[in-house]
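*Asks:* So here's input_11.cif, just mmCIF, C-alpha atoms:
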data_start
loop_
_atom_site.label_atom_id
_atom_site.label_comp_id
_atom_site.auth_asym_id
_atom_site.auth_seq_id
_atom_site.Cartn_x
_atom_site.Cartn_y
_atom_site.Cartn_z
CA MET A 1 -17.93 -2.35 -7.94
CA ALA A 2 -15.33 0.41 -8.20
CA ARG A 3 -12.95 0.68 -5.26
CA PHE A 4 -10.33 3.16 -4.08
CA LEU A 5 -7.14 2.30 -2.22
CA GLY A 6 -5.59 4.50 0.47
CA ILE A 7 -2.00 4.18 1.75
CA ASP A 8 -0.29 5.93 4.68
CA THR A 9 3.24 5.21 5.97
CA SER A 10 3.55 7.50 8.96
CA CYS A 11 6.10 7.69 11.76
CA TYR A 12 4.58 4.84 13.75
CA THR A 13 2.01 2.96 11.63
CA THR A 14 1.87 1.26 8.23
CA SER A 15 -1.71 1.55 6.94
CA ALA A 16 -3.88 0.76 3.93
CA ALA A 17 -7.63 0.99 3.40
CA VAL A 18 -10.19 0.51 0.65
CA CYS A 19 -13.37 2.53 0.02
CA ASP A 20 -16.09 1.31 -2.31
CA SER A 21 -17.99 3.27 -4.96
CA SER A 22 -20.35 4.74 -2.33
CA GLY A 23 -17.50 6.02 -0.16
CA GLU A 24 -18.03 3.34 2.49
CA LEU A 25 -15.08 1.56 4.04
CA ALA A 26 -14.71 -1.91 2.48
CA GLY A 27 -11.55 -2.98 4.30
CA GLU A 28 -8.72 -1.60 6.41
CA GLU A 29 -5.43 -2.94 7.78
CA ARG A 30 -2.57 -1.44 9.76
CA ILE A 31 0.58 -2.50 11.58
CA VAL A 32 2.00 -0.36 14.39
CA LEU A 33 5.77 -0.07 14.03
CA SER A 34 7.88 -1.84 16.66
CA VAL A 35 9.73 0.34 19.17
CA ARG A 36 12.28 -1.27 21.47
CA GLU A 37 11.21 -1.45 25.11
CA GLY A 38 12.16 1.73 26.96
CA ASN A 39 12.75 3.75 23.78
CA ARG A 40 10.69 6.82 22.89
CA GLY A 41 10.68 6.61 19.12
CA LEU A 42 12.32 5.44 15.90
CA SER A 43 14.80 6.91 13.44
CA GLN A 44 13.58 7.57 9.89
CA SER A 45 15.71 4.69 8.59
CA GLN A 46 14.03 2.32 11.05
CA MET A 47 10.61 3.57 9.95
CA VAL A 48 11.47 3.07 6.27
CA PHE A 49 12.74 -0.46 6.94
CA GLN A 50 9.61 -1.50 8.83
CA HIS A 51 7.22 0.10 6.34
CA THR A 52 9.01 -1.72 3.50
CA LYS A 53 8.42 -5.04 5.30
CA ASN A 54 4.87 -4.26 6.46
CA LEU A 55 3.22 -2.84 3.35
CA PRO A 56 3.22 -6.07 1.28
CA LEU A 57 1.74 -7.96 4.25
CA ILE A 58 -1.04 -5.40 4.63
CA LEU A 59 -1.88 -5.41 0.93
CA GLN A 60 -1.99 -9.22 0.94
CA LYS A 61 -4.58 -9.08 3.74
CA LEU A 62 -6.60 -6.56 1.73
CA SER A 63 -6.35 -8.57 -1.50
CA PRO A 64 -10.08 -9.59 -1.44
CA PHE A 65 -10.92 -5.88 -1.79
CA LEU A 66 -8.32 -4.93 -4.41
CA GLN A 67 -10.35 -5.76 -7.52
CA ASP A 68 -11.59 -2.91 -9.72
CA ILE A 69 -9.34 -0.26 -8.11
CA LYS A 70 -10.05 3.04 -9.89
CA GLY A 71 -7.76 5.36 -7.95
CA ILE A 72 -5.16 5.44 -5.17
CA GLY A 73 -4.82 8.05 -2.44
CA VAL A 74 -1.52 8.32 -0.56
CA SER A 75 0.17 10.48 2.07
CA SER A 76 3.22 11.78 0.19
CA PHE A 77 4.44 14.26 2.82
CA PRO A 78 3.60 15.37 6.39
CA ARG A 79 2.10 18.74 5.39
CA ARG A 80 1.30 20.34 2.04
CA ARG A 81 4.32 22.67 2.20
CA ALA A 82 7.54 22.87 0.19
CA ASP A 83 9.64 22.30 3.34
CA SER A 84 7.61 19.32 4.61
CA TYR A 85 9.48 16.07 4.06
CA MET A 86 10.01 12.73 5.82
CA PRO A 87 11.54 9.62 4.20
CA ALA A 88 8.93 7.37 5.84
CA PHE A 89 6.24 8.70 3.50
CA LEU A 90 8.27 7.81 0.41
CA VAL A 91 7.60 4.11 1.05
CA GLY A 92 3.86 4.60 0.67
CA LYS A 93 4.28 7.05 -2.20
CA GLY A 94 6.53 4.68 -4.13
CA CYS A 95 4.12 1.80 -3.61
CA ALA A 96 1.14 3.92 -4.72
CA PHE A 97 2.79 5.06 -7.95
CA SER A 98 4.03 1.54 -8.73
CA LEU A 99 0.57 0.06 -8.29
CA ALA A 100 -1.00 2.90 -10.28
CA ALA A 101 1.37 2.29 -13.21
CA ALA A 102 0.45 -1.41 -13.23
CA LEU A 103 -3.28 -0.79 -12.87
CA HIS A 104 -3.40 2.29 -15.14
CA VAL A 105 -5.24 4.36 -12.53
CA PRO A 106 -4.57 7.86 -11.13
CA VAL A 107 -2.75 8.64 -7.88
CA TYR A 108 -4.18 11.37 -5.65
CA GLU A 109 -1.51 12.79 -3.35
CA PHE A 110 -2.49 14.08 0.09
CA SER A 111 -0.54 15.24 3.09
CA HIS A 112 -0.59 13.11 6.23
CA GLN A 113 -2.41 16.01 7.89
CA GLU A 114 -5.08 16.04 5.17
CA ASN A 115 -5.46 12.27 5.56
CA HIS A 116 -6.34 12.82 9.22
CA ALA A 117 -8.90 15.50 8.30
CA LEU A 118 -10.43 13.26 5.64
CA ALA A 119 -10.75 10.40 8.14
CA ALA A 120 -13.21 12.63 10.01
CA ILE A 121 -14.86 14.07 6.89
CA ARG A 122 -15.56 10.50 5.69
CA LYS A 123 -18.12 10.29 8.51
CA TYR A 124 -19.57 13.69 7.58
CA PRO A 125 -19.17 14.03 3.78
CA ALA A 126 -21.26 17.21 3.72
CA LEU A 127 -18.13 18.96 5.14
CA TRP A 128 -16.21 18.34 1.89
CA GLY A 129 -15.45 21.64 0.17
CA LYS A 130 -16.51 23.78 3.14
CA PRO A 131 -14.10 25.84 5.28
CA PHE A 132 -13.37 24.42 8.72
CA TYR A 133 -10.97 24.57 11.63
CA MET A 134 -8.89 21.58 12.54
CA MET A 135 -6.92 20.66 15.62
CA HIS A 136 -4.33 17.97 14.89
CA MET A 137 -2.95 16.36 18.06
CA SER A 138 -0.60 13.43 17.58
CA GLY A 139 2.76 12.20 18.81
CA GLY A 140 4.67 14.88 16.90
CA THR A 141 2.01 17.47 16.07
CA MET A 142 0.09 20.01 18.12
CA ASP A 143 -1.56 22.38 15.65
CA VAL A 144 -4.73 24.44 15.45
CA LEU A 145 -5.39 25.16 11.79
CA SER A 146 -7.65 27.11 9.46
CA CYS A 147 -8.61 25.03 6.42
CA ILE A 148 -10.18 26.36 3.24
CA TRP A 149 -10.47 24.66 -0.13
CA GLN A 150 -8.72 25.65 -3.33
CA GLY A 151 -10.50 23.53 -5.90
CA GLU A 152 -10.12 19.93 -4.76
CA CYS A 153 -7.23 20.55 -2.33
CA MET A 154 -7.09 22.04 1.17
CA GLU A 155 -5.19 25.23 1.90
CA ILE A 156 -4.11 24.98 5.53
CA THR A 157 -2.91 27.90 7.67
CA THR A 158 -1.47 27.45 11.16
CA LEU A 159 -3.24 29.48 13.85
CA MET A 160 -1.54 27.95 16.89
CA ASP A 161 1.10 25.32 17.62
CA SER A 162 3.43 24.13 20.34
CA LYS A 163 6.55 26.14 21.10
CA ASP A 164 8.43 23.09 22.39
CA ILE A 165 7.06 19.55 22.75
CA THR A 166 3.53 18.43 21.90
CA ALA A 167 0.83 16.98 24.13
CA GLY A 168 1.46 13.62 22.47
CA GLN A 169 5.16 13.81 23.32
CA LEU A 170 4.29 14.71 26.91
CA ILE A 171 2.06 11.63 27.11
CA ASP A 172 4.67 9.35 25.56
CA ARG A 173 7.64 10.63 27.56
CA VAL A 174 5.77 10.43 30.84
CA GLY A 175 4.32 7.06 29.85
CA VAL A 176 7.74 5.55 29.15
CA SER A 177 8.96 6.84 32.53
CA LEU A 178 5.94 5.14 34.13
CA GLY A 179 6.91 1.85 32.50
CA LEU A 180 4.30 1.90 29.72
CA HIS A 181 4.81 0.68 26.15
CA PHE A 182 5.51 3.30 23.46
CA PRO A 183 3.35 4.81 22.06
CA CYS A 184 1.73 5.23 25.45
CA GLY A 185 -1.65 6.87 24.82
CA LYS A 186 -3.96 3.88 25.34
CA GLU A 187 -2.15 2.55 28.40
CA LEU A 188 -1.87 5.98 30.00
CA GLU A 189 -5.60 6.57 29.48
CA LYS A 190 -6.44 3.30 31.26
CA LEU A 191 -4.03 4.14 34.08
CA ALA A 192 -5.54 7.62 34.48
CA GLU A 193 -9.02 6.15 35.03
CA LYS A 194 -7.81 4.91 38.42
CA GLY A 195 -6.41 8.27 39.57
CA SER A 196 -7.72 10.18 42.59
CA HIS A 197 -7.57 13.74 41.18
CA THR A 198 -4.87 14.72 43.68
CA TYR A 199 -1.93 15.39 41.34
CA HIS A 200 -1.88 18.81 39.66
CA ILE A 201 0.65 20.43 37.30
CA PRO A 202 1.08 24.24 37.27
CA ARG A 203 -0.31 25.88 34.11
CA SER A 204 1.95 27.57 31.57
CA SER A 205 1.88 31.36 31.41
CA LEU A 206 2.44 31.30 27.63
CA LYS A 207 -0.46 32.75 25.62
CA GLY A 208 -1.47 32.03 22.03
CA ALA A 209 0.51 28.78 21.86
CA PHE A 210 0.98 25.48 23.65
CA SER A 211 3.99 24.62 25.80
CA PHE A 212 4.59 21.29 27.52
CA SER A 213 8.35 21.08 28.12
CA GLY A 214 8.12 22.79 31.53
CA PRO A 215 5.30 20.50 32.67
CA GLU A 216 7.25 17.46 31.47
CA THR A 217 10.29 18.49 33.55
CA ARG A 218 8.05 18.90 36.59
CA VAL A 219 6.35 15.53 36.07
CA GLN A 220 9.64 13.68 35.56
CA LYS A 221 10.92 15.07 38.89
CA ASP A 222 7.70 14.04 40.62
CA ILE A 223 7.95 10.51 39.17
CA ALA A 224 11.53 10.25 40.43
CA SER A 225 10.48 11.45 43.89
CA GLY A 226 8.11 8.52 44.36
CA LYS A 227 5.59 10.74 46.17
CA TYR A 228 2.76 10.13 43.72
CA SER A 229 1.11 7.02 42.34
CA ARG A 230 1.40 6.11 38.66
CA GLU A 231 -2.37 6.46 38.36
CA ASP A 232 -2.41 9.98 39.80
CA ILE A 233 0.50 11.07 37.58
CA ALA A 234 -1.29 9.76 34.47
CA GLN A 235 -4.54 11.46 35.43
CA GLY A 236 -2.75 14.73 36.25
CA VAL A 237 -1.10 14.77 32.82
CA LEU A 238 -4.41 14.38 30.97
CA GLU A 239 -6.09 16.99 33.15
CA HIS A 240 -3.21 19.40 32.51
CA ILE A 241 -3.55 18.93 28.73
CA GLY A 242 -7.30 19.52 29.06
CA LYS A 243 -6.71 22.77 30.95
CA ALA A 244 -4.18 23.92 28.33
CA LEU A 245 -6.74 23.25 25.57
CA ASP A 246 -9.41 25.13 27.51
CA LYS A 247 -7.13 28.14 28.03
CA GLU A 248 -6.00 28.45 24.41
CA LEU A 249 -9.09 27.36 22.47
CA SER A 250 -11.39 29.51 24.61
CA ALA A 251 -9.29 32.59 23.84
CA CYS A 252 -8.89 31.94 20.10
CA PRO A 253 -11.06 34.27 17.91
CA PHE A 254 -12.65 31.58 15.73
CA ASP A 255 -15.33 32.27 13.16
CA THR A 256 -18.02 30.38 15.05
CA THR A 257 -19.98 29.60 11.87
CA ARG A 258 -17.29 27.12 10.84
CA PRO A 259 -17.17 23.51 12.06
CA PHE A 260 -14.24 22.38 14.23
CA ILE A 261 -12.58 19.03 13.43
CA ALA A 262 -10.35 17.39 16.05
CA VAL A 263 -8.09 14.59 14.79
CA GLY A 264 -4.88 12.71 15.53
CA GLY A 265 -3.89 9.91 17.87
CA VAL A 266 -4.27 12.02 21.02
CA MET A 267 -7.89 12.62 20.03
CA ALA A 268 -8.59 8.92 20.54
CA ASN A 269 -8.54 9.73 24.27
CA GLN A 270 -12.12 9.85 25.55
CA TYR A 271 -11.41 12.38 28.31
CA LEU A 272 -9.80 14.83 25.88
CA ARG A 273 -12.54 14.32 23.26
CA HIS A 274 -15.17 15.25 25.83
CA LYS A 275 -13.06 18.22 26.95
CA VAL A 276 -12.70 19.59 23.42
CA GLU A 277 -16.42 19.14 22.73
CA GLU A 278 -17.25 20.97 25.96
CA ILE A 279 -14.93 23.88 25.09
CA MET A 280 -16.28 24.29 21.56
CA ASP A 281 -19.88 23.95 22.75
CA ARG A 282 -19.29 26.98 24.99
CA LYS A 283 -18.13 28.88 21.91
CA GLY A 284 -21.23 27.81 19.99
CA MET A 285 -19.26 25.65 17.54
CA LYS A 286 -20.00 22.13 16.35
CA THR A 287 -17.17 19.62 16.88
CA TYR A 288 -16.50 16.65 14.61
CA PHE A 289 -14.22 13.70 15.37
CA ALA A 290 -13.04 10.70 13.42
CA ASP A 291 -14.04 7.34 14.85
CA ILE A 292 -11.83 6.30 17.78
CA SER A 293 -10.17 3.68 15.56
CA ALA A 294 -9.58 6.28 12.82
CA SER A 295 -8.18 8.96 15.13
CA SER A 296 -4.75 7.36 15.31
CA ASP A 297 -2.71 6.96 12.12
CA ASN A 298 -4.57 5.07 9.38
CA ALA A 299 -5.29 5.30 5.65
CA THR A 300 -9.09 5.62 5.62
CA GLY A 301 -8.90 9.34 4.86
CA ASN A 302 -6.73 8.79 1.78
CA ALA A 303 -9.05 6.07 0.47
CA PHE A 304 -12.05 8.36 0.94
CA GLY A 305 -10.14 11.29 -0.59
CA ALA A 306 -9.35 9.22 -3.69
CA PHE A 307 -13.05 8.31 -3.98
CA MET A 308 -14.07 11.97 -3.75
CA ARG A 309 -11.36 13.27 -6.09
CA HIS A 310 -12.19 10.60 -8.67
CA GLY A 311 -15.81 11.70 -8.74
CA LEU A 312 -15.09 15.42 -9.20
#
What is this file in structure tokens?
*Replies:*
Amino acid sequence: MARFLGIDTSCYTTSAAVCDSSGELAGEERIVLSVREGNRGLSQSQMVFQHTKNLPLILQKLSPFLQDIKGIGVSSFPRRRADSYMPAFLVGKGCAFSLAAALHVPVYEFSHQENHALAAIRKYPALWGKPFYMMHMSGGTMDVLSCIWQGECMEITTLMDSKDITAGQLIDRVGVSLGLHFPCGKELEKLAEKGSHTYHIPRSSLKGAFSFSGPETRVQKDIASGKYSREDIAQGVLEHIGKALDKELSACPFDTTRPFIAVGGVMANQYLRHKVEEIMDRKGMKTYFADISASSDNATGNAFGAFMRHGL
């Protein structure tokens, strides 16, 4: 059976996945990069070092699925733009081209952003080749995008982004201050479930873009004051992000005939997934998500993309 390997070496996860000749996921492995307790991220050199150690371990675990590889999909850059570059992605790219030379198979290069989109499209393959909107919410990204296809590649235009920090950065910075492990999304979500809906953050007056630096400053002061519980702070942060999404997405003049794809690690949060679906339902638009496990960084989209590109 023909198989297709996907590789993604992002800012915080080393990932590889294999799709079979029907586009189904045959195997998938990932290792979240280690961040020292109390820190809020890694340098690019630290990412490169950890990816270089992790990728052979991941491929060894996937070795039962690495027979009859016919193509390799890899995230070669963050976005498909001339100015989009991060050294972390070169680890995966170098591995993909080395394996391809040994196996005599093609490499299909994707952006990390396209990999996220493809992780959702893998569940709904009928979306391949059709124009769509995408919201990408992760630790370092807060974008609303218009996506059309030029042949077998996506052409992505930014409609809206964050003017300072992202929702993911707000979650992580607040989470670290609350004593959570970085990245903080899963732990903050669990903490928020115990909140009493009594902590509220003033909304930003900015229109047509997201802004979370002011809210972060306010939350950090409130944490330092000791007036609010950790649970209420966590819940208030998620509710504030939900209100910001409602304000901006509701006002955006989307073509409502297009589907709306919401991806990225922040979209693994159940509260925010339901919020986005509710907002887009009011606009008469269908919302598509990747699986919870495929919302955070992974390589399933690249594996599926290689399968699709190989068949074109």
*Asks:* List every residue of segment 136-200 of chain A that has an atom at most 9 Å from any atom of segment 239-245 of chain A, and for each one report the closest atom pair and its distance in Å to one decimal, counting all atoms listed in the file, with rows sorted by chain and then by increasing residue number, as CSV.
*Replies:*
residue,atom,partner,partner_atom,distance
A:Ala167,CA,A:Ile241,CA,6.6
A:His197,CA,A:Glu239,CA,8.8
A:His200,CA,A:His240,CA,7.3
*Asks:* Please return, as a PyMOL selection string, all polymer residues that have at least one atom within 12 Å of the point (8.5, 21.2, 25.0); use only C-alpha atoms and the file's own coordinate frame.
*Replies:* chain A and resi 140-142+161-171+173+204+209-218
*Asks:* Selection from above, C-alpha atoms, as a PDB file, in the frame of the given file, can you write it?
*Replies:*
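Output saved as out_30.pdb:
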ATOM      1  CA  GLY A 140       4.670  14.880  16.900  1.00  0.00           C
ATOM      2  CA  THR A 141       2.010  17.470  16.070  1.00  0.00           C
ATOM      3  CA  MET A 142       0.090  20.010  18.120  1.00  0.00           C
ATOM      4  CA  ASP A 161       1.100  25.320  17.620  1.00  0.00           C
ATOM      5  CA  SER A 162       3.430  24.130  20.340  1.00  0.00           C
ATOM      6  CA  LYS A 163       6.550  26.140  21.100  1.00  0.00           C
ATOM      7  CA  ASP A 164       8.430  23.090  22.390  1.00  0.00           C
ATOM      8  CA  ILE A 165       7.060  19.550  22.750  1.00  0.00           C
ATOM      9  CA  THR A 166       3.530  18.430  21.900  1.00  0.00           C
ATOM     10  CA  ALA A 167       0.830  16.980  24.130  1.00  0.00           C
ATOM     11  CA  GLY A 168       1.460  13.620  22.470  1.00  0.00           C
ATOM     12  CA  GLN A 169       5.160  13.810  23.320  1.00  0.00           C
ATOM     13  CA  LEU A 170       4.290  14.710  26.910  1.00  0.00           C
ATOM     14  CA  ILE A 171       2.060  11.630  27.110  1.00  0.00           C
ATOM     15  CA  ARG A 173       7.640  10.630  27.560  1.00  0.00           C
ATOM     16  CA  SER A 204       1.950  27.570  31.570  1.00  0.00           C
ATOM     17  CA  ALA A 209       0.510  28.780  21.860  1.00  0.00           C
ATOM     18  CA  PHE A 210       0.980  25.480  23.650  1.00  0.00           C
ATOM     19  CA  SER A 211       3.990  24.620  25.800  1.00  0.00           C
ATOM     20  CA  PHE A 212       4.590  21.290  27.520  1.00  0.00           C
ATOM     21  CA  SER A 213       8.350  21.080  28.120  1.00  0.00           C
ATOM     22  CA  GLY A 214       8.120  22.790  31.530  1.00  0.00           C
ATOM     23  CA  PRO A 215       5.300  20.500  32.670  1.00  0.00           C
ATOM     24  CA  GLU A 216       7.250  17.460  31.470  1.00  0.00           C
ATOM     25  CA  THR A 217      10.290  18.490  33.550  1.00  0.00           C
ATOM     26  CA  ARG A 218       8.050  18.900  36.590  1.00  0.00           C
TER      27      ARG A 218
END
*Asks:* Identify, on the basis of only C-alpha atoms, every residue whose closest approach to Gln270 of chain A does not exceed 9 Å; exclude the query and any residue fewer than 4 positions from it along the same chain; express the result as a PyMOL selection string.
*Replies:* chain A and resi 189+274-275+292
*Asks:* Quote the spacing between atom CA of Gly73 of chain A and atom CA of Pro259 of chain A in Å to one decimal place.
*Replies:*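 Calculated distance between atom CA of Gly73 of chain A and atom CA of Pro259 of chain A is 24.5 Å.
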*Asks:* What separation in Å, quoted to one decimal, exists between atom CA of Gln60 of chain A and atom CA of Thr14 of chain A?
*Replies:*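 Separating atom CA of Gln60 of chain A from atom CA of Thr14 of chain A is a distance of 13.3 Å.
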*Asks:* If the PyMOL selection byres ((chain A and resi 249) around 9) were run on this exact file, what residues would it hold? Put them as a list in words.
*Replies:*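 Going through the file, the PyMOL selection byres ((chain A and resi 249) around 9) ends up selecting Val144, Gly208, Ala244, Leu245, Asp246, Lys247, Glu248, Ser250, Ala251, Cys252, Pro253, Phe254, Val276, Ile279 and Met280 of chain A.
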*Asks:* Evaluate the PyMOL selection byres ((chain A and resi 36-40) around 9) and record the selected residues as a PyMOL selection string, following the chain and residue labels used in the document.
*Replies:* chain A and resi 34-35+41-42+169+172-173+176-177+179-183
*Asks:* For the atom pair atom CA of Met134 of chain A and atom CA of Phe89 of chain A, what is the interatomic distance in Å to one decimal place?
*Replies:*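 If I compute the distance from atom CA of Met134 of chain A to atom CA of Phe89 of chain A, I get 21.8 Å.
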*Asks:* Taking 3 positions as the minimum chain separation for residues in the same chain, which residues sit within 6 Å of Ile261 of chain A when counting only C-alpha atoms? Answer as a PyMOL selection string.
*Replies:* chain A and resi 134+287-289
*Asks:* Go ahead and save the picked residues with C-alpha atoms, as an mmCIF file, in the coordinates of the input.
*Replies:*
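Output contents, as saved in out19.cif:
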data_model
loop_
_atom_site.group_PDB
_atom_site.id
_atom_site.type_symbol
_atom_site.label_atom_id
_atom_site.label_comp_id
_atom_site.auth_asym_id
_atom_site.auth_seq_id
_atom_site.Cartn_x
_atom_site.Cartn_y
_atom_site.Cartn_z
ATOM 1 C CA MET A 134 -8.890 21.580 12.540
ATOM 2 C CA THR A 287 -17.170 19.620 16.880
ATOM 3 C CA TYR A 288 -16.500 16.650 14.610
ATOM 4 C CA PHE A 289 -14.220 13.700 15.370
#
*Asks:* Go through A:Arg81, A:Lys221, A:Arg282, A:His112 and flag the residue nearest Asn302 of chain A, using all atoms listed in the file for the distances.
*Replies:*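 Under the stated criterion, the closest residue is A:His112.
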*Asks:* Taking 3 positions as the minimum chain separation for residues in the same chain, which residues sit within 6 Å of Ser295 of chain A when counting only C-alpha atoms? Answer as a PDB file with C-alpha atoms, in the frame of the given file.
*Replies:*
ATOM      1  CA  VAL A 263      -8.090  14.590  14.790  1.00  0.00           C
ATOM      2  CA  GLY A 264      -4.880  12.710  15.530  1.00  0.00           C
ATOM      3  CA  GLY A 265      -3.890   9.910  17.870  1.00  0.00           C
ATOM      4  CA  ALA A 268      -8.590   8.920  20.540  1.00  0.00           C
ATOM      5  CA  ALA A 290     -13.040  10.700  13.420  1.00  0.00           C
ATOM      6  CA  ILE A 292     -11.830   6.300  17.780  1.00  0.00           C
TER       7      ILE A 292
END
*Asks:* With all atoms listed in the file as the basis for distance, which of A:Ala126, A:Ala17, A:Ala303, A:Ala117 is at the shortest distance from Cys147 of chain A?
*Replies:*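 With all atoms listed in the file as the atom set, the closest residue is A:Ala117.
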*Asks:* Can you tell me, as a VMD selection string, what residues are no more than 9 Å from Leu66 of chain A when counting only C-alpha atoms, ignoring any on the same chain fewer than 3 positions away?
*Replies:* chain A and resid 3 to 5 18 59 62 to 63 69
*Asks:* Evaluate the PyMOL selection byres ((chain A and resi 145) around 6) against this structure - the residues, as a list in words, please.
*Replies:* Tyr133, Met134, Val144, Ser146, Thr157, Thr158 and Leu159 of chain A
